[in-house]
Amino acid sequence: NTKYLILLFIIAIILRLIATFSIGGSPDEMVYGVHALGIINSGLLQEMHENPVWMYLTDLVYKIFGMTLISSRLLSILFGSLSIIALYFLTKEIFNEKIALIASILLTFSAYHILMTLTEPDITMVFFILLSSYFLIKYLKEDKLKYHVIATILLGIGILAKNIGALFIPAYILAITFYPKIKNKEKILSKKNIKSLIIFFIIIFIIALPT
C-alpha cells in the first residue's frame, strides 16, 4: 500500500494547504502564534500558555519563513498529513492492511481534521500520540524493550506539545500492567511489569520536567 499512502499524503497536504489559505485567524491563534515568536532566543524552557515542543518548532518555522498566519500553521499541515501515515501503521498492527488503508482515507478527508489546520498544538500532539501508540502496540505484541522506550519517549514529546496528551498516561499504565496477564497469564505485579512501569515513569518524569 506504499503508493496509496504516498498519494493520500500528497492529497492531505493539498487539502490542508487549501484550508490554511481559506480560514481566517482565530482568537486562540493570535495568542499561541505570538507567544511562540522569539522563544528560542529567550532562554525559556517553558511558557505559561503552552508547552515547549510546539512553541520551539513554531519559532523555528518563523526563523525560516518569517512570521505570517500561513507560516504559523505549517506544523499543523505537516503533522496533520504525517498523522495519516502514523494512523495507517497503528491500525495495521491492531487489525489489518485493508482496515488501516480505510482509516487513513477517512482521516485524509476528515473535514474536522482539515479544519484544525490552525496555529494550535493539537494536531502536533495527536501525531506524536498516534506514533507512540503504534510502538506501544508493537511492544505489547513483540515484548521488545526498545519499543517500550520509544513509545514512552514519543508520548512524552506529545505531552510537551500539549498538556492534554498526559490523559493518555493511565491508558499506557493499564496496557503495560494488564496485557501480559491477558496474553501470557503473568502476574500483574511481576518483576517484568514492575521494571516496565519504572522505566515508563522515569522517562515521562525526565521528559515532562519543563511542564
# chains A, B, ... in the order shown; residues from 1 in each chain; ligands from 1
>>> residues_around(residues="Leu15 in chain A", least_positions_apart="3", cutoff="9 Å", atoms="only C-alpha atoms", output="ChimeraX atom specification")
/A:10-12,18-20,108-109,114
>>> closest_atom_pairs(of="range 45-104 of chain A", to="range 134-145 of chain A", cutoff="9 Å", atoms="only C-alpha atoms", output="JSON lines")
{"residue": "A:Ala86", "atom": "CA", "partner": "A:Tyr134", "partner_atom": "CA", "distance": 7.5}
{"residue": "A:Leu87", "atom": "CA", "partner": "A:Tyr134", "partner_atom": "CA", "distance": 8.1}
{"residue": "A:Phe89", "atom": "CA", "partner": "A:Tyr134", "partner_atom": "CA", "distance": 6.7}
{"residue": "A:Leu90", "atom": "CA", "partner": "A:Tyr134", "partner_atom": "CA", "distance": 4.5}
{"residue": "A:Thr91", "atom": "CA", "partner": "A:Tyr134", "partner_atom": "CA", "distance": 8.1}
{"residue": "A:Glu93", "atom": "CA", "partner": "A:Ile137", "partner_atom": "CA", "distance": 7.0}
{"residue": "A:Ile94", "atom": "CA", "partner": "A:Ile137", "partner_atom": "CA", "distance": 7.6}
>>> residues_around(residues="range 54-70 of chain A", least_positions_apart="2", cutoff="10 Å", atoms="only C-alpha atoms", output="PyMOL selection string")
chain A and resi 17+20-21+23-25+29-30+32-41+44-47+49-52+72-77+118-122+124-125+157-158+160-162
>>> write_last_selection(atoms="C-alpha atoms", output="tab-separated table (two decimals), in the first residue's frame")
chain	number	residue	atom	x	y	z
A	17	LEU	CA	-2.97	23.96	2.35
A	20	THR	CA	-4.75	27.17	5.57
A	21	PHE	CA	-5.23	29.82	2.89
A	23	ILE	CA	-9.59	30.07	7.06
A	24	GLY	CA	-9.26	33.45	8.77
A	25	GLY	CA	-7.36	33.89	12.03
A	29	GLU	CA	-4.16	31.60	17.08
A	30	MET	CA	-3.48	35.23	17.96
A	32	TYR	CA	-0.37	30.89	20.51
A	33	GLY	CA	1.24	32.29	17.37
A	34	VAL	CA	2.51	35.45	19.02
A	35	HIS	CA	3.80	33.80	22.18
A	36	ALA	CA	5.90	31.36	20.13
A	37	LEU	CA	7.74	34.27	18.50
A	38	GLY	CA	11.32	34.56	19.80
A	39	ILE	CA	11.09	31.79	22.40
A	40	ILE	CA	14.25	30.10	21.06
A	41	ASN	CA	16.33	33.18	21.87
A	44	LEU	CA	12.99	29.87	28.42
A	45	LEU	CA	12.23	26.16	28.59
A	46	GLN	CA	8.57	26.73	29.33
A	47	GLU	CA	5.95	29.40	28.74
A	49	HIS	CA	0.34	29.32	27.77
A	50	GLU	CA	1.71	26.25	26.01
A	51	ASN	CA	4.44	23.62	26.12
A	52	PRO	CA	7.94	23.92	24.64
A	72	SER	CA	2.28	29.72	11.89
A	73	ARG	CA	0.07	26.89	10.57
A	74	LEU	CA	2.83	24.90	8.84
A	75	LEU	CA	3.26	22.50	11.77
A	76	SER	CA	-0.41	21.57	11.60
A	77	ILE	CA	-0.12	20.99	7.85
A	118	LEU	CA	-4.61	26.15	12.72
A	119	THR	CA	-1.91	27.83	14.78
A	120	GLU	CA	-2.57	25.43	17.64
A	121	PRO	CA	-0.63	22.48	19.11
A	122	ASP	CA	-3.43	19.90	18.98
A	124	THR	CA	1.12	18.13	16.52
A	125	MET	CA	0.25	16.44	19.80
A	157	ILE	CA	7.07	14.58	23.36
A	158	GLY	CA	3.33	14.58	22.72
A	160	LEU	CA	5.40	18.56	25.64
A	161	ALA	CA	3.43	19.58	22.54
A	162	LYS	CA	0.22	19.96	24.55
>>> closest_residue(among="A:Leu8, A:Ile188, A:Ile164, A:Ile129", to="Ile150 in chain A", atoms="only C-alpha atoms")
A:Ile129
>>> select_by_dssp(residues="range 3-78 of chain A", states="alpha helix (DSSP H)", output="PyMOL selection string")
chain A and resi 3-22+27-36+39-42+52-65+69-72+74-78
>>> write_last_selection(atoms="C-alpha atoms", output="PDB file, in the first residue's frame")
ATOM      1  CA  LYS A   3       1.828   4.048  -3.384  1.00  0.00           C
ATOM      2  CA  TYR A   4      -1.609   4.646  -1.851  1.00  0.00           C
ATOM      3  CA  LEU A   5      -0.071   6.091   1.315  1.00  0.00           C
ATOM      4  CA  ILE A   6       2.113   8.460  -0.721  1.00  0.00           C
ATOM      5  CA  LEU A   7      -0.941   9.535  -2.732  1.00  0.00           C
ATOM      6  CA  LEU A   8      -3.000  10.093   0.433  1.00  0.00           C
ATOM      7  CA  PHE A   9      -0.141  12.074   1.982  1.00  0.00           C
ATOM      8  CA  ILE A  10       0.024  14.379  -1.076  1.00  0.00           C
ATOM      9  CA  ILE A  11      -3.765  14.821  -1.114  1.00  0.00           C
ATOM     10  CA  ALA A  12      -3.719  15.548   2.621  1.00  0.00           C
ATOM     11  CA  ILE A  13      -1.112  18.284   2.204  1.00  0.00           C
ATOM     12  CA  ILE A  14      -3.089  19.867  -0.667  1.00  0.00           C
ATOM     13  CA  LEU A  15      -6.384  19.846   1.267  1.00  0.00           C
ATOM     14  CA  ARG A  16      -4.729  21.278   4.377  1.00  0.00           C
ATOM     15  CA  LEU A  17      -2.969  23.964   2.346  1.00  0.00           C
ATOM     16  CA  ILE A  18      -6.312  24.966   0.850  1.00  0.00           C
ATOM     17  CA  ALA A  19      -7.763  25.182   4.360  1.00  0.00           C
ATOM     18  CA  THR A  20      -4.752  27.167   5.568  1.00  0.00           C
ATOM     19  CA  PHE A  21      -5.226  29.817   2.889  1.00  0.00           C
ATOM     20  CA  SER A  22      -9.020  29.857   3.306  1.00  0.00           C
ATOM     21  CA  PRO A  27      -8.537  34.349  18.785  1.00  0.00           C
ATOM     22  CA  ASP A  28      -6.560  31.310  20.004  1.00  0.00           C
ATOM     23  CA  GLU A  29      -4.159  31.603  17.076  1.00  0.00           C
ATOM     24  CA  MET A  30      -3.485  35.234  17.960  1.00  0.00           C
ATOM     25  CA  VAL A  31      -2.362  34.026  21.395  1.00  0.00           C
ATOM     26  CA  TYR A  32      -0.367  30.895  20.506  1.00  0.00           C
ATOM     27  CA  GLY A  33       1.237  32.291  17.371  1.00  0.00           C
ATOM     28  CA  VAL A  34       2.508  35.450  19.016  1.00  0.00           C
ATOM     29  CA  HIS A  35       3.799  33.797  22.179  1.00  0.00           C
ATOM     30  CA  ALA A  36       5.896  31.363  20.127  1.00  0.00           C
ATOM     31  CA  ILE A  39      11.085  31.786  22.399  1.00  0.00           C
ATOM     32  CA  ILE A  40      14.247  30.096  21.058  1.00  0.00           C
ATOM     33  CA  ASN A  41      16.332  33.181  21.868  1.00  0.00           C
ATOM     34  CA  SER A  42      14.506  33.885  25.130  1.00  0.00           C
ATOM     35  CA  PRO A  52       7.943  23.920  24.644  1.00  0.00           C
ATOM     36  CA  VAL A  53       7.953  21.433  21.734  1.00  0.00           C
ATOM     37  CA  TRP A  54       5.246  23.206  19.746  1.00  0.00           C
ATOM     38  CA  MET A  55       6.492  26.675  20.732  1.00  0.00           C
ATOM     39  CA  TYR A  56      10.102  25.971  19.740  1.00  0.00           C
ATOM     40  CA  LEU A  57       9.172  24.306  16.440  1.00  0.00           C
ATOM     41  CA  THR A  58       6.838  27.178  15.539  1.00  0.00           C
ATOM     42  CA  ASP A  59       9.521  29.740  16.299  1.00  0.00           C
ATOM     43  CA  LEU A  60      11.944  27.736  14.121  1.00  0.00           C
ATOM     44  CA  VAL A  61       9.420  27.988  11.262  1.00  0.00           C
ATOM     45  CA  TYR A  62       9.252  31.765  11.832  1.00  0.00           C
ATOM     46  CA  LYS A  63      13.022  31.999  11.553  1.00  0.00           C
ATOM     47  CA  ILE A  64      12.924  30.197   8.185  1.00  0.00           C
ATOM     48  CA  PHE A  65       9.767  31.601   6.577  1.00  0.00           C
ATOM     49  CA  LEU A  69      -0.585  33.419   9.619  1.00  0.00           C
ATOM     50  CA  ILE A  70       0.309  30.840   6.978  1.00  0.00           C
ATOM     51  CA  SER A  71       3.761  30.013   8.396  1.00  0.00           C
ATOM     52  CA  SER A  72       2.280  29.720  11.887  1.00  0.00           C
ATOM     53  CA  LEU A  74       2.826  24.903   8.844  1.00  0.00           C
ATOM     54  CA  LEU A  75       3.262  22.498  11.772  1.00  0.00           C
ATOM     55  CA  SER A  76      -0.410  21.572  11.599  1.00  0.00           C
ATOM     56  CA  ILE A  77      -0.117  20.987   7.851  1.00  0.00           C
ATOM     57  CA  LEU A  78       2.977  18.788   8.250  1.00  0.00           C
TER      58      LEU A  78
END
>>> atom_distance(atom1="CA of Ile203 in chain A", atom2="CA of Ile153 in chain A")
6.6 Å
>>> atom_distance(atom1="CA of Pro180 in chain A", atom2="CA of Ala208 in chain A")
26.8 Å
